[in-house]
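Chemist: What follows is the file entry.cif, containing mmCIF, C-alpha atoms:
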```cif
data_coords
loop_
_atom_site.label_atom_id
_atom_site.label_comp_id
_atom_site.auth_asym_id
_atom_site.auth_seq_id
_atom_site.Cartn_x
_atom_site.Cartn_y
_atom_site.Cartn_z
CA MET A 1 198.96 -94.30 -14.03
CA ALA A 2 202.49 -95.07 -15.05
CA ASP A 3 202.11 -93.15 -18.30
CA GLU A 4 200.76 -90.07 -16.55
CA LYS A 5 203.72 -90.04 -14.28
CA LYS A 6 206.08 -90.35 -17.19
CA ASP A 7 204.56 -87.33 -18.91
CA GLU A 8 204.70 -85.24 -15.80
CA GLN A 9 208.32 -86.00 -15.26
CA ALA A 10 209.42 -85.72 -18.84
CA LYS A 11 208.06 -82.22 -19.42
CA PRO A 12 209.60 -80.01 -16.75
CA SER A 13 213.09 -81.44 -16.82
CA PRO A 14 214.42 -79.96 -20.09
CA ALA A 15 212.76 -76.58 -19.51
CA ALA A 16 213.69 -76.20 -15.86
CA PRO A 17 217.31 -74.99 -16.11
CA ALA A 18 216.53 -72.43 -18.83
CA GLY A 19 213.41 -71.17 -17.02
CA GLY A 20 215.24 -70.74 -13.74
CA ALA A 21 218.00 -68.72 -15.36
CA SER A 22 215.71 -66.36 -17.28
CA LYS A 23 213.68 -65.55 -14.17
CA GLU A 24 216.73 -64.51 -12.23
CA ALA A 25 218.42 -62.41 -14.88
CA PRO A 26 215.94 -59.48 -15.15
CA ALA A 27 215.51 -59.26 -11.39
CA LYS A 28 219.21 -58.68 -10.95
CA ALA A 29 219.37 -56.07 -13.70
CA ALA A 30 216.44 -54.06 -12.25
CA HIS A 31 218.14 -53.68 -8.88
CA ALA A 32 221.40 -52.52 -10.46
CA ALA A 33 223.25 -54.45 -7.77
CA PRO A 34 226.73 -53.31 -6.82
CA ALA A 35 229.50 -54.96 -8.78
CA ALA A 36 230.23 -58.47 -7.59
CA PRO A 37 233.20 -58.51 -5.23
CA ALA A 38 236.41 -59.60 -6.87
CA GLY A 39 237.20 -63.24 -6.33
CA PRO A 40 239.91 -64.27 -3.92
CA ALA A 41 243.23 -63.10 -5.27
CA GLY A 42 246.54 -64.47 -4.14
CA GLU A 43 249.47 -62.30 -3.25
CA PRO A 44 252.88 -63.02 -4.73
CA TRP A 45 254.81 -65.48 -2.61
CA SER A 46 258.52 -65.92 -2.46
CA GLY A 47 260.53 -68.27 -0.35
CA GLU A 48 263.39 -70.67 -0.23
CA LEU A 49 261.34 -73.39 -1.87
CA VAL A 50 260.29 -71.19 -4.80
CA ASP A 51 263.85 -69.96 -5.41
CA ALA A 52 265.20 -73.49 -5.28
CA LEU A 53 262.52 -74.75 -7.67
CA ARG A 54 263.19 -71.97 -10.16
CA LYS A 55 266.88 -72.81 -9.96
CA ALA A 56 266.22 -76.50 -10.50
CA PHE A 57 263.89 -75.83 -13.44
CA PRO A 58 265.38 -72.90 -15.37
CA GLY A 59 263.24 -71.63 -18.20
CA VAL A 60 260.04 -73.00 -16.63
CA SER A 61 257.50 -70.36 -15.67
CA ILE A 62 256.70 -71.05 -12.03
CA GLU A 63 254.37 -68.46 -10.56
CA ALA A 64 254.09 -68.47 -6.78
CA PHE A 65 251.23 -67.03 -4.75
CA THR A 66 249.90 -67.14 -1.24
CA PHE A 67 246.30 -66.69 -0.08
CA ARG A 68 245.08 -66.82 3.54
CA GLY A 69 248.29 -68.55 4.53
CA GLN A 70 248.00 -71.19 1.80
CA ASN A 71 250.82 -71.32 -0.72
CA TYR A 72 250.35 -72.33 -4.30
CA LEU A 73 252.29 -72.54 -7.52
CA ILE A 74 251.01 -72.23 -11.09
CA LEU A 75 252.91 -74.40 -13.54
CA PRO A 76 252.72 -75.20 -17.23
CA LYS A 77 251.36 -78.71 -17.86
CA GLU A 78 254.55 -79.97 -19.55
CA ASN A 79 256.46 -79.79 -16.25
CA ILE A 80 254.06 -81.44 -13.88
CA LEU A 81 255.78 -84.83 -13.71
CA PRO A 82 259.39 -83.61 -13.23
CA VAL A 83 258.33 -80.94 -10.74
CA THR A 84 256.23 -83.31 -8.62
CA LYS A 85 259.02 -85.92 -8.68
CA HIS A 86 261.45 -83.25 -7.54
CA LEU A 87 259.11 -82.01 -4.81
CA LYS A 88 258.68 -85.53 -3.51
CA SER A 89 262.33 -86.58 -3.57
CA GLU A 90 264.01 -83.27 -2.58
CA TYR A 91 261.35 -81.63 -0.39
CA ASN A 92 259.63 -84.65 1.12
CA PHE A 93 256.15 -83.87 -0.15
CA ASN A 94 255.36 -87.52 0.42
CA MET A 95 251.58 -87.32 0.39
CA LEU A 96 249.16 -86.33 -2.31
CA ALA A 97 246.25 -85.21 -0.15
CA ASP A 98 243.96 -84.47 -3.06
CA LEU A 99 243.91 -84.08 -6.80
CA THR A 100 241.01 -82.27 -8.35
CA ALA A 101 240.06 -79.82 -11.07
CA VAL A 102 237.99 -76.68 -11.57
CA ASP A 103 236.19 -75.56 -14.69
CA TYR A 104 236.42 -71.82 -15.41
CA PRO A 105 234.45 -71.60 -18.68
CA LYS A 106 235.36 -67.95 -19.36
CA ARG A 107 239.09 -68.48 -19.21
CA GLU A 108 241.17 -69.07 -22.29
CA LYS A 109 242.34 -72.35 -20.76
CA ARG A 110 239.14 -73.45 -19.12
CA PHE A 111 240.39 -76.11 -16.71
CA GLU A 112 242.72 -75.99 -13.78
CA VAL A 113 244.06 -79.29 -12.44
CA ILE A 114 244.90 -78.91 -8.77
CA TYR A 115 247.32 -80.98 -6.69
CA GLU A 116 247.22 -80.70 -2.90
CA LEU A 117 250.52 -81.86 -1.48
CA TYR A 118 251.47 -82.50 2.10
CA SER A 119 254.84 -83.19 3.61
CA PHE A 120 254.86 -85.11 6.86
CA PRO A 121 258.54 -84.39 7.70
CA ARG A 122 258.12 -80.66 7.01
CA ASN A 123 254.50 -80.43 8.20
CA GLU A 124 253.86 -78.21 5.23
CA ARG A 125 251.19 -78.02 2.56
CA LEU A 126 251.60 -76.88 -1.01
CA ARG A 127 249.09 -76.56 -3.82
CA LEU A 128 249.98 -76.86 -7.49
CA LYS A 129 247.68 -75.52 -10.19
CA VAL A 130 248.03 -76.39 -13.83
CA PRO A 131 245.93 -74.53 -16.43
CA LEU A 132 244.64 -76.84 -19.15
CA GLY A 133 242.66 -76.07 -22.30
CA ASP A 134 239.65 -78.06 -23.46
CA GLY A 135 240.80 -81.28 -25.08
CA GLU A 136 244.36 -81.00 -23.76
CA THR A 137 245.86 -83.89 -21.86
CA ILE A 138 248.23 -83.93 -18.91
CA GLU A 139 250.80 -86.44 -17.71
CA SER A 140 249.63 -88.75 -14.93
CA VAL A 141 251.41 -88.45 -11.57
CA VAL A 142 250.66 -92.06 -10.59
CA PRO A 143 254.42 -92.89 -10.82
CA VAL A 144 255.01 -90.29 -8.07
CA TRP A 145 252.06 -90.96 -5.75
CA GLY A 146 249.93 -94.09 -6.00
CA ALA A 147 247.07 -92.10 -4.50
CA ALA A 148 246.72 -90.25 -7.80
CA ASN A 149 245.29 -93.35 -9.48
CA TRP A 150 241.68 -93.06 -8.28
CA LEU A 151 241.80 -89.26 -8.03
CA GLU A 152 242.80 -88.89 -11.67
CA ARG A 153 240.07 -91.32 -12.62
CA GLU A 154 237.60 -89.12 -10.76
CA VAL A 155 238.82 -85.98 -12.53
CA PHE A 156 238.53 -87.81 -15.85
CA ASP A 157 235.03 -88.97 -14.95
CA MET A 158 233.78 -85.57 -13.78
CA PHE A 159 235.63 -83.21 -16.14
CA GLY A 160 236.73 -85.33 -19.10
CA ILE A 161 240.38 -84.44 -18.62
CA ARG A 162 242.63 -87.23 -19.91
CA PHE A 163 245.79 -88.24 -18.05
CA GLU A 164 248.57 -89.64 -20.20
CA HIS A 165 250.09 -92.98 -19.18
CA HIS A 166 247.52 -93.59 -16.46
CA PRO A 167 247.41 -97.34 -15.72
CA ASN A 168 243.62 -97.61 -15.79
CA LEU A 169 241.90 -94.44 -16.96
CA ARG A 170 238.24 -95.41 -16.74
CA ARG A 171 235.26 -93.73 -15.14
CA ILE A 172 235.19 -94.37 -11.42
CA LEU A 173 231.89 -93.01 -10.06
CA LEU A 174 229.59 -93.01 -13.07
CA PRO A 175 228.89 -96.05 -15.25
CA ASP A 176 231.47 -96.70 -17.98
CA GLU A 177 228.99 -96.02 -20.79
CA TRP A 178 227.76 -92.68 -19.39
CA GLN A 179 227.92 -89.75 -21.81
CA GLY A 180 229.04 -86.35 -20.54
CA HIS A 181 231.14 -85.04 -17.68
CA PRO A 182 228.92 -83.62 -14.90
CA LEU A 183 231.24 -81.19 -13.15
CA ARG A 184 231.79 -79.12 -16.28
CA LYS A 185 229.96 -75.85 -15.77
CA ASP A 186 227.99 -76.30 -19.02
CA TYR A 187 226.50 -79.57 -17.70
CA GLY A 188 223.11 -78.60 -16.20
CA ILE A 189 222.14 -79.63 -12.69
CA LEU A 190 219.14 -81.60 -14.00
CA GLN A 191 221.00 -82.95 -17.03
CA GLN A 192 221.61 -86.67 -17.28
CA ASP A 193 222.41 -89.33 -19.82
CA THR A 194 218.73 -90.01 -20.51
CA ARG A 195 219.50 -92.87 -22.87
CA TRP A 196 221.62 -94.68 -20.30
CA VAL A 197 218.98 -94.15 -17.61
CA GLN A 198 216.21 -95.49 -19.84
CA GLU A 199 218.16 -98.48 -21.09
CA ASN A 200 219.62 -99.53 -17.77
CA LEU A 201 217.18 -98.43 -15.11
CA HIS A 202 214.04 -98.91 -17.24
CA ILE A 203 212.59 -95.59 -16.11
CA GLU A 204 211.83 -92.50 -18.14
CA SER A 205 213.95 -90.19 -16.04
CA GLY A 206 215.58 -90.11 -12.66
CA GLN A 207 214.17 -86.67 -11.92
CA MET B 1 230.64 -145.91 -26.42
CA ILE B 2 229.37 -143.70 -23.66
CA GLU B 3 231.34 -140.60 -23.05
CA THR B 4 231.37 -139.35 -19.55
CA ALA B 5 230.20 -135.82 -19.12
CA PRO B 6 233.08 -133.42 -18.56
CA GLN B 7 233.57 -132.56 -14.93
CA ALA B 8 232.96 -129.03 -13.83
CA THR B 9 236.42 -127.64 -14.34
CA PHE B 10 236.16 -124.75 -11.93
CA LEU B 11 236.24 -127.19 -9.05
CA ASP B 12 239.73 -128.23 -10.04
CA ALA B 13 240.94 -124.76 -10.72
CA ASN B 14 242.94 -123.13 -8.01
CA GLU B 15 241.84 -119.65 -8.85
CA ILE B 16 238.30 -118.39 -9.07
CA VAL B 17 236.93 -114.91 -9.64
CA ILE B 18 233.87 -113.87 -7.71
CA ASN B 19 231.81 -110.76 -7.22
CA MET B 20 231.27 -109.44 -3.73
CA GLY B 21 228.54 -106.84 -3.53
CA PRO B 22 227.33 -104.23 -4.35
CA GLN B 23 224.86 -105.43 -1.74
CA HIS B 24 226.55 -107.58 0.87
CA PRO B 25 225.86 -107.90 4.59
CA ALA B 26 229.53 -107.48 5.46
CA THR B 27 230.01 -104.17 3.69
CA HIS B 28 228.57 -101.20 5.56
CA GLY B 29 227.63 -99.32 2.47
CA VAL B 30 227.50 -100.32 -1.14
CA LEU B 31 230.70 -101.39 -2.83
CA ARG B 32 231.43 -104.06 -5.38
CA VAL B 33 234.69 -105.95 -5.06
CA ILE B 34 235.80 -108.30 -7.82
CA LEU B 35 237.90 -110.87 -6.01
CA LYS B 36 240.42 -113.33 -7.36
CA LEU B 37 240.62 -116.15 -4.86
CA ASP B 38 242.64 -119.26 -4.22
CA GLY B 39 240.54 -120.93 -1.58
CA GLU B 40 240.29 -118.35 1.18
CA LYS B 41 243.37 -116.48 0.04
CA VAL B 42 242.76 -113.25 -1.83
CA LEU B 43 245.11 -113.04 -4.80
CA GLY B 44 243.77 -109.85 -6.23
CA SER B 45 240.89 -107.44 -5.97
CA GLU B 46 239.33 -104.62 -7.90
CA CYS B 47 236.93 -102.17 -6.31
CA VAL B 48 233.97 -100.78 -8.20
CA ILE B 49 232.66 -97.72 -6.40
CA GLY B 50 230.22 -94.94 -7.18
CA TYR B 51 227.05 -96.52 -5.78
CA LEU B 52 226.85 -93.73 -3.20
CA HIS B 53 227.76 -90.94 -5.58
CA ARG B 54 225.21 -88.19 -5.03
CA GLY B 55 226.81 -85.36 -6.96
CA VAL B 56 227.12 -83.04 -3.97
CA GLU B 57 229.69 -80.89 -5.76
CA LYS B 58 227.20 -80.24 -8.54
CA ILE B 59 224.52 -79.37 -5.97
CA ALA B 60 226.98 -76.99 -4.31
CA GLU B 61 227.41 -75.10 -7.59
CA HIS B 62 223.75 -74.13 -7.38
CA ARG B 63 223.60 -73.20 -3.69
CA THR B 64 224.93 -70.34 -1.60
CA TYR B 65 227.51 -71.11 1.09
CA GLY B 66 224.85 -70.96 3.79
CA GLN B 67 222.42 -73.14 1.88
CA PHE B 68 225.01 -75.82 1.26
CA ALA B 69 225.96 -76.25 4.93
CA PRO B 70 223.31 -78.94 5.73
CA TYR B 71 224.52 -81.07 2.82
CA VAL B 72 227.92 -81.65 4.41
CA ASP B 73 226.19 -83.40 7.34
CA ARG B 74 225.12 -86.11 4.95
CA MET B 75 228.56 -86.81 3.54
CA ASP B 76 229.64 -88.83 6.57
CA TYR B 77 226.45 -89.30 8.49
CA VAL B 78 228.17 -90.61 11.60
CA ALA B 79 230.38 -87.52 11.83
CA ALA B 80 228.00 -84.74 10.84
CA VAL B 81 229.25 -82.30 13.47
CA SER B 82 232.85 -82.73 12.37
CA ASN B 83 231.92 -82.24 8.72
CA GLY B 84 230.02 -79.10 9.64
CA LEU B 85 233.01 -77.75 11.53
CA GLY B 86 235.35 -78.34 8.60
CA TYR B 87 232.96 -76.71 6.16
CA CYS B 88 232.11 -73.69 8.34
CA GLU B 89 235.77 -73.05 9.15
CA ALA B 90 236.70 -73.23 5.46
CA VAL B 91 234.03 -70.69 4.52
CA GLU B 92 235.01 -68.47 7.46
CA LYS B 93 238.63 -68.56 6.33
CA LEU B 94 237.60 -67.62 2.81
CA LEU B 95 235.49 -64.72 4.09
CA GLY B 96 238.13 -63.64 6.57
CA VAL B 97 235.80 -63.88 9.58
CA GLU B 98 236.25 -65.68 12.87
CA ALA B 99 233.74 -67.29 15.22
CA PRO B 100 233.52 -65.76 18.73
CA PRO B 101 235.46 -67.55 21.51
CA ARG B 102 232.33 -68.98 23.14
CA ALA B 103 231.24 -70.51 19.84
CA LYS B 104 234.71 -71.98 19.40
CA TYR B 105 234.52 -73.71 22.79
CA VAL B 106 231.06 -75.11 22.11
CA ARG B 107 232.16 -76.23 18.66
CA THR B 108 235.13 -78.04 20.14
CA ILE B 109 233.01 -79.79 22.79
CA LEU B 110 230.38 -80.95 20.30
CA THR B 111 232.93 -82.04 17.71
CA GLU B 112 234.89 -84.06 20.26
CA LEU B 113 231.69 -85.73 21.41
CA ASN B 114 230.93 -86.55 17.80
CA ARG B 115 234.41 -87.98 17.41
CA ILE B 116 233.84 -90.31 20.35
CA ALA B 117 230.43 -91.33 18.97
CA SER B 118 231.93 -92.00 15.56
CA HIS B 119 234.75 -94.09 17.02
CA LEU B 120 232.28 -96.06 19.13
CA LEU B 121 230.31 -96.90 16.03
CA TRP B 122 233.50 -97.98 14.30
CA LEU B 123 234.61 -100.18 17.19
CA GLY B 124 231.22 -101.82 17.56
CA THR B 125 230.71 -102.61 13.90
CA HIS B 126 234.33 -103.63 13.38
CA ALA B 127 234.04 -106.19 16.16
CA LEU B 128 230.66 -107.23 14.77
CA ASP B 129 232.22 -107.99 11.38
CA LEU B 130 234.81 -110.16 13.08
CA GLY B 131 232.13 -112.20 14.80
CA ALA B 132 231.78 -110.45 18.17
CA ILE B 133 228.25 -109.18 18.64
CA THR B 134 228.39 -108.00 22.24
CA PRO B 135 230.75 -105.00 21.84
CA LEU B 136 228.23 -103.45 19.45
CA PHE B 137 225.61 -103.24 22.20
CA TYR B 138 228.12 -101.83 24.67
CA CYS B 139 229.38 -99.20 22.21
CA PHE B 140 225.91 -98.16 21.14
CA ARG B 141 224.90 -97.79 24.78
CA GLU B 142 227.53 -95.06 25.29
CA ARG B 143 226.97 -93.57 21.85
CA GLU B 144 223.31 -93.13 22.73
CA GLU B 145 224.24 -90.73 25.55
CA ILE B 146 226.10 -88.53 23.06
CA LEU B 147 223.23 -88.62 20.58
CA LYS B 148 220.89 -87.55 23.37
CA ILE B 149 223.06 -84.48 23.93
CA PHE B 150 222.93 -83.69 20.19
CA GLU B 151 219.19 -84.15 20.15
CA ALA B 152 218.70 -81.83 23.09
CA TYR B 153 220.99 -79.25 21.50
CA CYS B 154 219.66 -79.12 17.95
CA GLY B 155 216.85 -81.65 17.62
CA ALA B 156 218.74 -84.07 15.40
CA ARG B 157 220.73 -87.16 16.29
CA LEU B 158 222.63 -87.80 13.09
CA THR B 159 222.35 -84.96 10.60
CA THR B 160 222.84 -82.27 13.20
CA HIS B 161 223.72 -79.14 11.24
CA ALA B 162 224.93 -77.89 14.61
CA PHE B 163 226.94 -74.90 13.41
CA ARG B 164 226.39 -71.86 11.27
CA ILE B 165 228.98 -69.98 9.28
CA GLY B 166 230.41 -67.56 11.82
CA GLY B 167 229.10 -69.27 14.94
CA LEU B 168 226.51 -71.66 16.29
CA GLN B 169 223.00 -72.68 15.42
CA TYR B 170 221.61 -72.40 18.98
CA GLU B 171 222.57 -71.26 22.42
CA LEU B 172 223.32 -74.18 24.70
CA TYR B 173 220.36 -75.62 26.58
CA ASP B 174 220.06 -75.71 30.36
CA GLY B 175 221.77 -78.75 31.76
CA PHE B 176 224.18 -79.20 28.84
CA GLU B 177 227.20 -78.77 31.06
CA GLU B 178 226.03 -81.35 33.62
CA GLN B 179 225.14 -83.83 30.90
CA VAL B 180 228.53 -83.54 29.21
CA LYS B 181 230.35 -83.72 32.52
CA ALA B 182 228.39 -86.81 33.48
CA PHE B 183 229.32 -88.42 30.18
CA CYS B 184 232.99 -87.54 30.66
CA ASP B 185 232.87 -89.14 34.10
CA PHE B 186 231.39 -92.46 33.12
CA CYS B 187 232.81 -93.01 29.62
CA PRO B 188 236.43 -93.89 30.57
CA GLY B 189 235.19 -96.70 32.80
CA LYS B 190 233.28 -98.15 29.88
CA ILE B 191 236.45 -98.38 27.83
CA ASP B 192 237.69 -100.90 30.41
CA GLU B 193 234.62 -102.96 29.60
CA TYR B 194 235.48 -102.98 25.89
CA GLU B 195 238.97 -104.04 26.86
CA THR B 196 237.73 -107.03 28.80
CA LEU B 197 235.66 -108.01 25.78
CA LEU B 198 238.29 -107.54 23.09
CA THR B 199 241.87 -106.82 24.07
CA HIS B 200 242.81 -110.37 25.01
CA ASN B 201 240.06 -112.03 23.02
CA ARG B 202 241.69 -114.77 20.98
CA ILE B 203 239.36 -114.50 17.99
CA TRP B 204 239.73 -110.72 17.90
CA LEU B 205 243.52 -111.02 18.00
CA GLU B 206 243.70 -113.74 15.37
CA ARG B 207 241.49 -111.82 13.00
CA THR B 208 243.17 -108.44 13.39
CA LYS B 209 246.87 -109.08 14.15
CA ALA B 210 249.02 -108.71 11.03
CA VAL B 211 245.93 -108.64 8.81
CA GLY B 212 245.68 -106.19 5.97
CA ILE B 213 249.07 -104.61 6.56
#
```
Let me see the file written as structure tokens.

Modeler:
Amino acid sequence: MADEKKDEQAKPSPAAPAGGASKEAPAKAAHAAPAAPAGPAGEPWSGELVDALRKAFPGVSIEAFTFRGQNYLILPKENILPVTKHLKSEYNFNMLADLTAVDYPKREKRFEVIYELYSFPRNERLRLKVPLGDGETIESVVPVWGAANWLEREVFDMFGIRFEHHPNLRRILLPDEWQGHPLRKDYGILQQDTRWVQENLHIESGQ
Amino acid sequence: MIETAPQATFLDANEIVINMGPQHPATHGVLRVILKLDGEKVLGSECVIGYLHRGVEKIAEHRTYGQFAPYVDRMDYVAAVSNGLGYCEAVEKLLGVEAPPRAKYVRTILTELNRIASHLLWLGTHALDLGAITPLFYCFREREEILKIFEAYCGARLTTHAFRIGGLQYELYDGFEEQVKAFCDFCPGKIDEYETLLTHNRIWLERTKAVGI
């Protein structure tokens, strides 16, 4: 009984992601669907804050955009710590609401680390985006906001992005010994660390 | 010469390290806390989380915006309506669409009811953890009235999926208005009852005042 179950479960799991993809692909081509709408694109944003930042950090490429009333800056990774320190001390962005990342596999620099800042005194939100190539590391912002500690651990856990000088950069959600980083786009939805599952949960597969 | 067996040294030690959880009756959810204790005094703690990690972001990668909406109900299962509102409004903002005014009113009413229900659950279980059992029954009595409204509206008490992107799941049912009005009339009086149970309760005060700040 147990063996039968094992076989049933073991077979479909590796084939499933590939099978699903190949079924969809021809169907789409046959319909000759209209071109996919362009993704959300920000409009250039200028303001007092951007001018002041560019003045404070000459020679640093700070691109500023706004989309649906949400302002964001794109920065090179080398400047993240000084810029965030400056934003906190000079512009009262005293809260790091979220720190996350996105994987864009087709881009030259595949990752984007995203900082969502909030200022209570100004009642203003600001988003920072930092493009990061595979294998590149970025400075931790834990010295600026303590809240970054667990959030950077989560980004490390899910994307494999390393944060320099983080006080405790270990996996936070998955087990320490887990192999792979699930929120990378090349990590399949059914994929898992089969060895870890078998050794620790004593089951063939969690699927 | 008979040597006496060495005494258990941890009894003499001031500091001990213990594991609390991941399964523990006092944690509403699964969480492991490694505690460094000196008697009852907590000297240090380290949290080990991830026991409730369900990979919803990964699921979302493989779903359309509409398909993913029911999943957000399960993120905080005592505030499903509020989660749904946040999610639907985010998608609407991204698409550049707006819900009609009527839907906005209904959304506000249901979300506020959910907020009250969620706070009642917090108050009841918080008092329960501090040793007061009665407030839990009182809070759940009022919360039940809200859940009845949810059930009549969409058939579910917890994972409501009450809204759709761009509007509502259903038109309001007959008698919704009276039921909500009746709740609004009797609920404030019940808060006085919680006050008599807790506000001047000596155990409640001693276990909450200046704790964890």

Chemist: Could you tell me, as a ChimeraX atom specification, exactly which residues end up selected when the PyMOL selection byres ((chain A and resi 90) around 12) is applied to this structure?

Modeler: /A:49,52-53,56,82-89,91-94,119,121-122

Chemist: When you get a sec, could you note down which chain B residues fall within 7 Å of chain A, using all atoms listed in the file, as a VMD selection string?

Modeler: chain B and resid 49 to 50 53 58

Chemist: If the PyMOL selection byres ((chain B and resi 119-122) around 12) were run on this exact file, what residues would it hold? Put them as a ChimeraX atom specification.

Modeler: /B:28,77-79,112-118,123-129,135-147,187,190-191,194

Chemist: Leaving out segment 170-174 of chain B and any residue of its chain fewer than 2 positions from it, which residues lie within 12 Å of it when counting all atoms listed in the file, given as a VMD selection string?

Modeler: chain B and resid 102 to 103 105 to 107 109 to 110 149 to 155 160 to 164 167 to 168 176 to 180

Chemist: Please, what distance in Å, to one decimal, runs between atom CA of Val91 of chain B and atom CA of Pro76 of chain A?

Modeler: 29.0 Å

Chemist: Please report the interatomic distance between atom CA of His202 of chain A and atom CA of Met20 of chain B in Å with one decimal.

Modeler: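 Computed distance, atom CA of His202 of chain A to atom CA of Met20 of chain B, equals 24.3 Å.
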
Chemist: Would you compute the distance between atom CA of Tyr65 of chain B and atom CA of Val102 of chain A? Give it in Å to one decimal.

Modeler: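 About the pair atom CA of Tyr65 of chain B and atom CA of Val102 of chain A: they are 17.4 Å apart.
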
Chemist: Using only C-alpha atoms, collect all residues at a distance of at most 12 Å from (236.7, -88.7, -2.8) as written in the file, then present them as a VMD selection string.

Modeler: (chain A and resid 97 to 100 147 to 155 158 172 to 173) or (chain B and resid 49 to 50 52 to 57 75 to 76)

Chemist: Would you write out those residues with C-alpha atoms, as a CSV table (one decimal), keeping the file's coordinate frame?

Modeler:
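Once everything was written out, this is again_24.csv:
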```csv
chain,number,residue,atom,x,y,z
A,97,ALA,CA,246.2,-85.2,-0.2
A,98,ASP,CA,244.0,-84.5,-3.1
A,99,LEU,CA,243.9,-84.1,-6.8
A,100,THR,CA,241.0,-82.3,-8.4
A,147,ALA,CA,247.1,-92.1,-4.5
A,148,ALA,CA,246.7,-90.2,-7.8
A,149,ASN,CA,245.3,-93.4,-9.5
A,150,TRP,CA,241.7,-93.1,-8.3
A,151,LEU,CA,241.8,-89.3,-8.0
A,152,GLU,CA,242.8,-88.9,-11.7
A,153,ARG,CA,240.1,-91.3,-12.6
A,154,GLU,CA,237.6,-89.1,-10.8
A,155,VAL,CA,238.8,-86.0,-12.5
A,158,MET,CA,233.8,-85.6,-13.8
A,172,ILE,CA,235.2,-94.4,-11.4
A,173,LEU,CA,231.9,-93.0,-10.1
B,49,ILE,CA,232.7,-97.7,-6.4
B,50,GLY,CA,230.2,-94.9,-7.2
B,52,LEU,CA,226.8,-93.7,-3.2
B,53,HIS,CA,227.8,-90.9,-5.6
B,54,ARG,CA,225.2,-88.2,-5.0
B,55,GLY,CA,226.8,-85.4,-7.0
B,56,VAL,CA,227.1,-83.0,-4.0
B,57,GLU,CA,229.7,-80.9,-5.8
B,75,MET,CA,228.6,-86.8,3.5
B,76,ASP,CA,229.6,-88.8,6.6
```

Chemist: Tell me which residues come within 12 Å of (240.3, -116.3, -2.5), as a ChimeraX atom specification, counting all atoms listed in the file in the file's coordinates.

Modeler: /B:13-20,34-45

Chemist: Keeping only C-alpha atoms, take the residues you just selected and write them out as a PDB file, in the frame of the given file.

Modeler:
```pdb
ATOM      1  CA  ALA B  13     240.940-124.760 -10.720  1.00  0.00           C
ATOM      2  CA  ASN B  14     242.940-123.130  -8.010  1.00  0.00           C
ATOM      3  CA  GLU B  15     241.840-119.650  -8.850  1.00  0.00           C
ATOM      4  CA  ILE B  16     238.300-118.390  -9.070  1.00  0.00           C
ATOM      5  CA  VAL B  17     236.930-114.910  -9.640  1.00  0.00           C
ATOM      6  CA  ILE B  18     233.870-113.870  -7.710  1.00  0.00           C
ATOM      7  CA  ASN B  19     231.810-110.760  -7.220  1.00  0.00           C
ATOM      8  CA  MET B  20     231.270-109.440  -3.730  1.00  0.00           C
ATOM      9  CA  ILE B  34     235.800-108.300  -7.820  1.00  0.00           C
ATOM     10  CA  LEU B  35     237.900-110.870  -6.010  1.00  0.00           C
ATOM     11  CA  LYS B  36     240.420-113.330  -7.360  1.00  0.00           C
ATOM     12  CA  LEU B  37     240.620-116.150  -4.860  1.00  0.00           C
ATOM     13  CA  ASP B  38     242.640-119.260  -4.220  1.00  0.00           C
ATOM     14  CA  GLY B  39     240.540-120.930  -1.580  1.00  0.00           C
ATOM     15  CA  GLU B  40     240.290-118.350   1.180  1.00  0.00           C
ATOM     16  CA  LYS B  41     243.370-116.480   0.040  1.00  0.00           C
ATOM     17  CA  VAL B  42     242.760-113.250  -1.830  1.00  0.00           C
ATOM     18  CA  LEU B  43     245.110-113.040  -4.800  1.00  0.00           C
ATOM     19  CA  GLY B  44     243.770-109.850  -6.230  1.00  0.00           C
ATOM     20  CA  SER B  45     240.890-107.440  -5.970  1.00  0.00           C
TER      21      SER B  45
END
```

Chemist: Starting from the PyMOL selection byres ((chain A and resi 136-145) around 7), expand the selection into actual residues of this file and give them as a ChimeraX atom specification.

Modeler: /A:77,81,85,96,132-135,146-149,161-166

Chemist: If we count only C-alpha atoms and set the cut-off at 12 Å, which residues sit around Asp186 of chain A, ignoring sequence neighbours fewer than 6 positions away in its own chain? Please answer as a PDB file with C-alpha atoms, in the frame of the given file.

Modeler:
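Generated output (result_15.pdb):
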```
ATOM      1  CA  PRO A  17     217.310 -74.990 -16.110  1.00  0.00           C
ATOM      2  CA  ASP A 103     236.190 -75.560 -14.690  1.00  0.00           C
ATOM      3  CA  TYR A 104     236.420 -71.820 -15.410  1.00  0.00           C
ATOM      4  CA  PRO A 105     234.450 -71.600 -18.680  1.00  0.00           C
ATOM      5  CA  LYS A 106     235.360 -67.950 -19.360  1.00  0.00           C
ATOM      6  CA  ARG A 110     239.140 -73.450 -19.120  1.00  0.00           C
ATOM      7  CA  PHE A 159     235.630 -83.210 -16.140  1.00  0.00           C
ATOM      8  CA  GLY A 180     229.040 -86.350 -20.540  1.00  0.00           C
TER       9      GLY A 180
ATOM     10  CA  LYS B  58     227.200 -80.240  -8.540  1.00  0.00           C
ATOM     11  CA  GLU B  61     227.410 -75.100  -7.590  1.00  0.00           C
TER      12      GLU B  61
END
```

Chemist: List the neighbours of Thr111 of chain B out to 8 Å using only C-alpha atoms; skip same-chain residues closer than 6 positions along the sequence, and give me the result as a VMD selection string.

Modeler: chain B and resid 81 to 82 85

Chemist: Looking at only C-alpha atoms, which of B:Gly66, B:Gly131, B:Gly189, B:Pro22 is the one that sits closest to Gly166 of chain B?

Modeler: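 Of B:Gly66, B:Gly131, B:Gly189, B:Pro22, the one nearest Gly166 of chain B is B:Gly66, counting only C-alpha atoms.
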